[in-house]
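Enquirer: Here it is, the structure in full.
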Amino acid sequence: MAKFMEGLYYSESHEYVRVEGNQAYIGITDFAQNALGNIVYVDMPDVDDELEAGDDFGAVESVKAASDLKSPVSGTVIEVNDALDDQPELINQDAFANWIIKVELSNKTELDELMDAKAYEAFCNK
């Protein structure tokens with residue numbers, strides 16, 4: 001059973017956004033990691049890359065599929081989760097604790113376009 005964490009923002013492409021001040025941690029949701037299965041590789045952007053909401057910023061590969069990562073928000077990449085280079089399976093262990101990138105938000109109003117946990121859960125159960 002997938003977990004849906006309150007207090008986060010969710011996109012239809014199954015990324016979550018955790019906002020702290022003007023920075024956002026972006027990763028894939030528990031629902032997404034369940035659907036993908038055992039994750040074997042995470043392709044991440046470079047620090048200082050500029051992202052627009054909806055842009056592909058990398059990919060997650062599992063033993064059964066590969067899935068592009070789409071940025072739910074616009075901003076500048078200020079950090080990537082280097083731990084995922086050696087241990088991509090951390091996402092399977094806890095998708096919410098193991099974010100993929102951290103960005104400096106350039107337009108916080110974009111968060112209004114995303115779903116809360118209840119809406120995302122309903123979206124996933126359709």
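Each chain in the structure tokens gets a letter, A, B and so on, in the order shown; residues start at 1 in every chain, and ligands are counted from 1 in the order they appear.
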Applying 12 Å and only C-alpha atoms, which residues near Asp46 of chain A remain after dropping the ones on its own chain fewer than 6 positions away? List them as number ranges by chain.
Expert: A: 57-58, 76-82, 100-103
Enquirer: For C-alpha atoms, I'd like the residues from the last selection saved as a PDB file, in the first residue's frame.
Expert:
ATOM      1  CA  PHE A  57      15.401  16.742 -15.306  1.00  0.00           C
ATOM      2  CA  GLY A  58      16.549  13.128 -15.316  1.00  0.00           C
ATOM      3  CA  THR A  76      17.847  26.400 -10.159  1.00  0.00           C
ATOM      4  CA  VAL A  77      19.316  23.077  -9.052  1.00  0.00           C
ATOM      5  CA  ILE A  78      21.365  23.786  -5.914  1.00  0.00           C
ATOM      6  CA  GLU A  79      22.036  20.208  -4.829  1.00  0.00           C
ATOM      7  CA  VAL A  80      21.685  16.630  -6.054  1.00  0.00           C
ATOM      8  CA  ASN A  81      21.404  13.627  -3.767  1.00  0.00           C
ATOM      9  CA  ASP A  82      24.830  12.031  -4.374  1.00  0.00           C
ATOM     10  CA  ILE A 100      16.574  13.467  -5.845  1.00  0.00           C
ATOM     11  CA  ILE A 101      17.262  17.186  -6.306  1.00  0.00           C
ATOM     12  CA  LYS A 102      17.023  20.398  -4.305  1.00  0.00           C
ATOM     13  CA  VAL A 103      16.124  23.607  -6.149  1.00  0.00           C
TER      14      VAL A 103
END
Enquirer: Could you please write out, as a list in words, every residue of chain A that DSSP assigns to helix (DSSP H, G or I)?
Expert: Asp30, Phe31, Ala32, Gln33, Asn34, Ala35, Leu36, Ala83, Leu84, Asp85, Asp86, Leu90, Ile91, Asn92, Gln93, Lys108, Thr109, Glu110, Leu111, Asp112, Glu113, Ala117, Lys118, Ala119, Tyr120, Glu121, Ala122, Phe123 and Cys124 of chain A
Enquirer: Would you list the contacts of Ala24 of chain A as a compact mmCIF listing (two decimals) with all heavy atoms, in the first residue's frame, taking every protein, DNA or RNA residue within 8 Å and counting only C-alpha atoms, but skipping same-chain residues closer than 4 positions in sequence?
Expert:
# COMPACT_ATOMS: atom_id res chain seq x y z
N VAL A 17 7.07 17.51 -4.00
CA VAL A 17 7.85 18.71 -3.68
C VAL A 17 7.68 18.98 -2.19
O VAL A 17 6.56 19.10 -1.70
CB VAL A 17 7.35 19.94 -4.48
CG1 VAL A 17 8.19 21.17 -4.15
CG2 VAL A 17 7.35 19.67 -5.97
N ARG A 18 8.80 19.05 -1.48
CA ARG A 18 8.79 19.44 -0.07
C ARG A 18 9.45 20.81 0.00
O ARG A 18 10.62 20.96 -0.33
CB ARG A 18 9.54 18.42 0.79
CG ARG A 18 9.47 18.76 2.28
CD ARG A 18 10.13 17.69 3.15
NE ARG A 18 11.57 17.86 3.16
CZ ARG A 18 12.47 16.93 2.85
NH1 ARG A 18 12.08 15.74 2.46
NH2 ARG A 18 13.76 17.18 2.92
N VAL A 19 8.68 21.81 0.43
CA VAL A 19 9.16 23.19 0.44
C VAL A 19 9.69 23.57 1.82
O VAL A 19 9.04 23.32 2.83
CB VAL A 19 8.03 24.15 0.01
CG1 VAL A 19 8.49 25.59 0.07
CG2 VAL A 19 7.54 23.80 -1.39
N GLU A 20 10.87 24.15 1.83
CA GLU A 20 11.45 24.74 3.03
C GLU A 20 11.94 26.13 2.67
O GLU A 20 12.96 26.27 1.98
CB GLU A 20 12.61 23.87 3.55
CG GLU A 20 12.15 22.52 4.09
CD GLU A 20 13.28 21.66 4.62
OE1 GLU A 20 14.43 22.14 4.68
OE2 GLU A 20 13.01 20.50 4.98
N LYS A 102 17.47 19.26 -5.11
CA LYS A 102 17.02 20.40 -4.31
C LYS A 102 17.16 21.62 -5.20
O LYS A 102 18.20 21.82 -5.85
CB LYS A 102 17.92 20.52 -3.08
CG LYS A 102 17.54 21.61 -2.11
CD LYS A 102 18.44 21.46 -0.88
CE LYS A 102 18.50 22.69 -0.05
NZ LYS A 102 19.46 22.54 1.06
N VAL A 103 16.10 22.42 -5.29
CA VAL A 103 16.12 23.61 -6.15
C VAL A 103 15.79 24.87 -5.36
O VAL A 103 15.08 24.83 -4.36
CB VAL A 103 15.14 23.49 -7.35
CG1 VAL A 103 15.47 22.30 -8.23
CG2 VAL A 103 13.70 23.42 -6.90
N GLU A 104 16.34 25.97 -5.85
CA GLU A 104 15.97 27.31 -5.40
C GLU A 104 14.77 27.69 -6.25
O GLU A 104 14.87 27.80 -7.48
CB GLU A 104 17.13 28.27 -5.61
CG GLU A 104 16.90 29.66 -5.05
CD GLU A 104 17.03 29.73 -3.53
OE1 GLU A 104 17.85 28.97 -2.94
OE2 GLU A 104 16.31 30.55 -2.93
N LEU A 105 13.61 27.88 -5.62
CA LEU A 105 12.38 28.16 -6.37
C LEU A 105 12.45 29.54 -7.04
O LEU A 105 12.87 30.52 -6.43
CB LEU A 105 11.17 28.12 -5.44
CG LEU A 105 10.83 26.75 -4.85
CD1 LEU A 105 9.83 26.89 -3.71
CD2 LEU A 105 10.30 25.82 -5.92
Enquirer: Could you pull out all residues of segment 68-102 of chain A with a DSSP call of strand (DSSP E or B) and give them as a list in words?
Expert: Asp68, Leu69, Lys70, Gly75, Thr76, Val77, Ile78, Glu79, Val80, Ile101 and Lys102 of chain A
Enquirer: Find the spatial neighbours of segment 2-16 of chain A, counting only C-alpha atoms, within a cut-off of 6 Å - ignore same-chain residues fewer than 4 positions away - and output them as a list in words.
Expert: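 Here the answer would be Ile26, Gly27, Ile28, Thr29, Asp30, Phe31, Ala32, Leu114, Met115, Asp116 and Ala117 of chain A.
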Enquirer: Just C-alpha atoms for this one: save the residues we selected as a PDB file, in the first residue's frame.
Expert:
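Contents of again09.pdb, freshly written:
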ATOM      1  CA  ILE A  26      11.989  17.033  -5.337  1.00  0.00           C
ATOM      2  CA  GLY A  27      11.741  13.264  -5.535  1.00  0.00           C
ATOM      3  CA  ILE A  28       9.434  10.529  -6.732  1.00  0.00           C
ATOM      4  CA  THR A  29       6.473   9.449  -4.667  1.00  0.00           C
ATOM      5  CA  ASP A  30       6.030   6.203  -2.781  1.00  0.00           C
ATOM      6  CA  PHE A  31       3.319   5.288  -5.311  1.00  0.00           C
ATOM      7  CA  ALA A  32       5.837   5.766  -8.161  1.00  0.00           C
ATOM      8  CA  LEU A 114       0.053  20.905  -7.703  1.00  0.00           C
ATOM      9  CA  MET A 115      -2.049  18.491  -5.633  1.00  0.00           C
ATOM     10  CA  ASP A 116      -2.110  17.979  -1.885  1.00  0.00           C
ATOM     11  CA  ALA A 117      -1.869  14.473  -0.413  1.00  0.00           C
TER      12      ALA A 117
END
Enquirer: Please identify all polymer residues within 10 Å of Ser67 of chain A, counting only C-alpha atoms, omitting same-chain residues fewer than 2 positions from it, and present them as a PyMOL selection string.
Expert: chain A and resi 13+32+36+42+58-62+65+69-70
Enquirer: Could you please take those selected residues and save all heavy atoms as a PDB file, in the first residue's frame?
Expert:
ATOM      1  N   SER A  13       2.738  13.580 -12.680  1.00  0.00           N
ATOM      2  CA  SER A  13       3.794  12.673 -13.161  1.00  0.00           C
ATOM      3  C   SER A  13       4.507  11.983 -11.991  1.00  0.00           C
ATOM      4  O   SER A  13       5.567  11.391 -12.161  1.00  0.00           O
ATOM      5  CB  SER A  13       4.777  13.417 -14.071  1.00  0.00           C
ATOM      6  OG  SER A  13       5.285  14.570 -13.433  1.00  0.00           O
ATOM      7  N   ALA A  32       4.994   5.941  -6.971  1.00  0.00           N
ATOM      8  CA  ALA A  32       5.837   5.766  -8.161  1.00  0.00           C
ATOM      9  C   ALA A  32       6.898   4.689  -7.939  1.00  0.00           C
ATOM     10  O   ALA A  32       7.112   3.835  -8.802  1.00  0.00           O
ATOM     11  CB  ALA A  32       6.498   7.086  -8.536  1.00  0.00           C
ATOM     12  N   LEU A  36       7.387   1.237 -10.067  1.00  0.00           N
ATOM     13  CA  LEU A  36       8.623   0.956 -10.801  1.00  0.00           C
ATOM     14  C   LEU A  36       9.299  -0.341 -10.364  1.00  0.00           C
ATOM     15  O   LEU A  36       9.939  -1.009 -11.163  1.00  0.00           O
ATOM     16  CB  LEU A  36       9.615   2.106 -10.621  1.00  0.00           C
ATOM     17  CG  LEU A  36       9.351   3.354 -11.443  1.00  0.00           C
ATOM     18  CD1 LEU A  36      10.183   4.516 -10.926  1.00  0.00           C
ATOM     19  CD2 LEU A  36       9.664   3.095 -12.914  1.00  0.00           C
ATOM     20  N   VAL A  42      19.640   6.232 -11.043  1.00  0.00           N
ATOM     21  CA  VAL A  42      18.970   7.537 -11.060  1.00  0.00           C
ATOM     22  C   VAL A  42      19.853   8.499 -11.842  1.00  0.00           C
ATOM     23  O   VAL A  42      21.014   8.700 -11.509  1.00  0.00           O
ATOM     24  CB  VAL A  42      18.744   8.081  -9.631  1.00  0.00           C
ATOM     25  CG1 VAL A  42      17.989   9.414  -9.687  1.00  0.00           C
ATOM     26  CG2 VAL A  42      17.975   7.087  -8.776  1.00  0.00           C
ATOM     27  N   GLY A  58      15.801  14.359 -15.530  1.00  0.00           N
ATOM     28  CA  GLY A  58      16.549  13.128 -15.316  1.00  0.00           C
ATOM     29  C   GLY A  58      15.638  11.944 -15.544  1.00  0.00           C
ATOM     30  O   GLY A  58      14.589  12.070 -16.174  1.00  0.00           O
ATOM     31  N   ALA A  59      16.071  10.809 -15.009  1.00  0.00           N
ATOM     32  CA  ALA A  59      15.289   9.586 -15.169  1.00  0.00           C
ATOM     33  C   ALA A  59      15.584   8.637 -14.023  1.00  0.00           C
ATOM     34  O   ALA A  59      16.634   8.722 -13.387  1.00  0.00           O
ATOM     35  CB  ALA A  59      15.614   8.911 -16.499  1.00  0.00           C
ATOM     36  N   VAL A  60      14.628   7.763 -13.771  1.00  0.00           N
ATOM     37  CA  VAL A  60      14.792   6.697 -12.790  1.00  0.00           C
ATOM     38  C   VAL A  60      14.627   5.390 -13.558  1.00  0.00           C
ATOM     39  O   VAL A  60      13.667   5.233 -14.317  1.00  0.00           O
ATOM     40  CB  VAL A  60      13.727   6.799 -11.674  1.00  0.00           C
ATOM     41  CG1 VAL A  60      13.805   5.619 -10.732  1.00  0.00           C
ATOM     42  CG2 VAL A  60      13.887   8.090 -10.906  1.00  0.00           C
ATOM     43  N   GLU A  61      15.595   4.487 -13.384  1.00  0.00           N
ATOM     44  CA  GLU A  61      15.510   3.193 -14.056  1.00  0.00           C
ATOM     45  C   GLU A  61      15.366   2.097 -13.012  1.00  0.00           C
ATOM     46  O   GLU A  61      16.062   2.103 -12.001  1.00  0.00           O
ATOM     47  CB  GLU A  61      16.764   2.946 -14.894  1.00  0.00           C
ATOM     48  CG  GLU A  61      16.882   3.904 -16.057  1.00  0.00           C
ATOM     49  CD  GLU A  61      18.159   3.723 -16.858  1.00  0.00           C
ATOM     50  OE1 GLU A  61      18.767   2.633 -16.772  1.00  0.00           O
ATOM     51  OE2 GLU A  61      18.548   4.680 -17.554  1.00  0.00           O
ATOM     52  N   SER A  62      14.445   1.178 -13.310  1.00  0.00           N
ATOM     53  CA  SER A  62      14.261   0.022 -12.435  1.00  0.00           C
ATOM     54  C   SER A  62      14.503  -1.228 -13.259  1.00  0.00           C
ATOM     55  O   SER A  62      14.752  -1.144 -14.462  1.00  0.00           O
ATOM     56  CB  SER A  62      12.844   0.013 -11.856  1.00  0.00           C
ATOM     57  OG  SER A  62      11.903  -0.315 -12.868  1.00  0.00           O
ATOM     58  N   ALA A  65      11.459  -1.003 -15.800  1.00  0.00           N
ATOM     59  CA  ALA A  65      11.066   0.166 -16.593  1.00  0.00           C
ATOM     60  C   ALA A  65      12.009   1.336 -16.350  1.00  0.00           C
ATOM     61  O   ALA A  65      12.756   1.354 -15.374  1.00  0.00           O
ATOM     62  CB  ALA A  65       9.641   0.582 -16.222  1.00  0.00           C
ATOM     63  N   LEU A  69      11.921  11.941 -15.272  1.00  0.00           N
ATOM     64  CA  LEU A  69      11.565  12.782 -14.133  1.00  0.00           C
ATOM     65  C   LEU A  69      11.203  14.160 -14.667  1.00  0.00           C
ATOM     66  O   LEU A  69      11.949  14.733 -15.455  1.00  0.00           O
ATOM     67  CB  LEU A  69      12.756  12.895 -13.175  1.00  0.00           C
ATOM     68  CG  LEU A  69      13.204  11.581 -12.534  1.00  0.00           C
ATOM     69  CD1 LEU A  69      14.566  11.746 -11.878  1.00  0.00           C
ATOM     70  CD2 LEU A  69      12.178  11.121 -11.520  1.00  0.00           C
ATOM     71  N   LYS A  70      10.042  14.670 -14.254  1.00  0.00           N
ATOM     72  CA  LYS A  70       9.603  15.997 -14.686  1.00  0.00           C
ATOM     73  C   LYS A  70       9.580  16.937 -13.488  1.00  0.00           C
ATOM     74  O   LYS A  70       9.039  16.594 -12.445  1.00  0.00           O
ATOM     75  CB  LYS A  70       8.199  15.926 -15.289  1.00  0.00           C
ATOM     76  CG  LYS A  70       8.153  15.153 -16.595  1.00  0.00           C
ATOM     77  CD  LYS A  70       6.889  15.465 -17.352  1.00  0.00           C
ATOM     78  CE  LYS A  70       6.769  14.721 -18.655  1.00  0.00           C
ATOM     79  NZ  LYS A  70       7.907  14.833 -19.530  1.00  0.00           N
TER      80      LYS A  70
END
Enquirer: Go through A:Asn107, A:Asn98, A:Ser71, A:Gln87 one by one, measure the shortest atom-to-atom distance of each to Tyr41 of chain A using only C-alpha atoms, and give the residue with the smallest value.
Expert: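 When distances to Tyr41 of chain A are compared using only C-alpha atoms, the smallest one comes from A:Gln87.
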Enquirer: As a short mmCIF file (atom, residue, chain, number, x, y, z; two decimals) with N, CA, C and O atoms, in the first residue's frame, please: the residues near Glu89 of chain A (cut-off 9 Å, only C-alpha atoms, same-chain neighbours under 2 positions excluded).
Expert:
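Just written: out20.cif:
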data_model
loop_
_atom_site.label_atom_id
_atom_site.label_comp_id
_atom_site.auth_asym_id
_atom_site.auth_seq_id
_atom_site.Cartn_x
_atom_site.Cartn_y
_atom_site.Cartn_z
N ASN A 38 12.25 -2.44 -8.21
CA ASN A 38 13.61 -2.20 -7.72
C ASN A 38 14.36 -1.19 -8.59
O ASN A 38 14.66 -1.47 -9.75
N ILE A 39 14.67 -0.05 -8.01
CA ILE A 39 15.36 1.02 -8.73
C ILE A 39 16.86 0.71 -8.78
O ILE A 39 17.47 0.41 -7.75
N VAL A 40 17.43 0.78 -9.99
CA VAL A 40 18.83 0.43 -10.18
C VAL A 40 19.70 1.61 -10.62
O VAL A 40 20.93 1.53 -10.58
N TYR A 41 19.07 2.72 -11.03
CA TYR A 41 19.86 3.87 -11.50
C TYR A 41 19.01 5.13 -11.45
O TYR A 41 17.81 5.10 -11.77
N LEU A 84 22.42 8.66 -4.04
CA LEU A 84 21.68 7.82 -5.00
C LEU A 84 22.58 7.28 -6.11
O LEU A 84 22.22 6.31 -6.79
N ASP A 86 25.41 5.72 -5.70
CA ASP A 86 25.86 4.40 -5.25
C ASP A 86 24.72 3.52 -4.74
O ASP A 86 24.83 2.30 -4.73
N GLN A 87 23.65 4.15 -4.27
CA GLN A 87 22.55 3.40 -3.66
C GLN A 87 21.19 3.88 -4.16
O GLN A 87 20.39 4.42 -3.40
N ILE A 91 15.64 4.93 -2.68
CA ILE A 91 14.30 5.42 -3.03
C ILE A 91 13.25 4.36 -2.73
O ILE A 91 12.17 4.68 -2.26
N ASN A 92 13.57 3.09 -2.99
CA ASN A 92 12.64 2.02 -2.67
C ASN A 92 12.42 1.89 -1.16
O ASN A 92 11.32 1.57 -0.70
N GLN A 93 13.48 2.13 -0.39
CA GLN A 93 13.38 2.00 1.07
C GLN A 93 12.51 3.09 1.67
O GLN A 93 11.69 2.84 2.54
N ASP A 94 12.69 4.34 1.21
CA ASP A 94 11.87 5.46 1.69
C ASP A 94 11.94 6.59 0.67
O ASP A 94 12.87 7.39 0.67
#
Enquirer: Of the candidates A:Lys64, A:Ala83, A:Ala53, A:Phe96, which shows the shortest atom-to-atom distance to Glu110 of chain A, using only C-alpha atoms?
Expert: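 Among the listed residues, A:Ala53 lies closest to Glu110 of chain A.
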Enquirer: Just the number, please: distance in Å from atom CA of Gly37 of chain A to atom CA of Glu52 of chain A, one decimal.
Expert: 28.0 Å
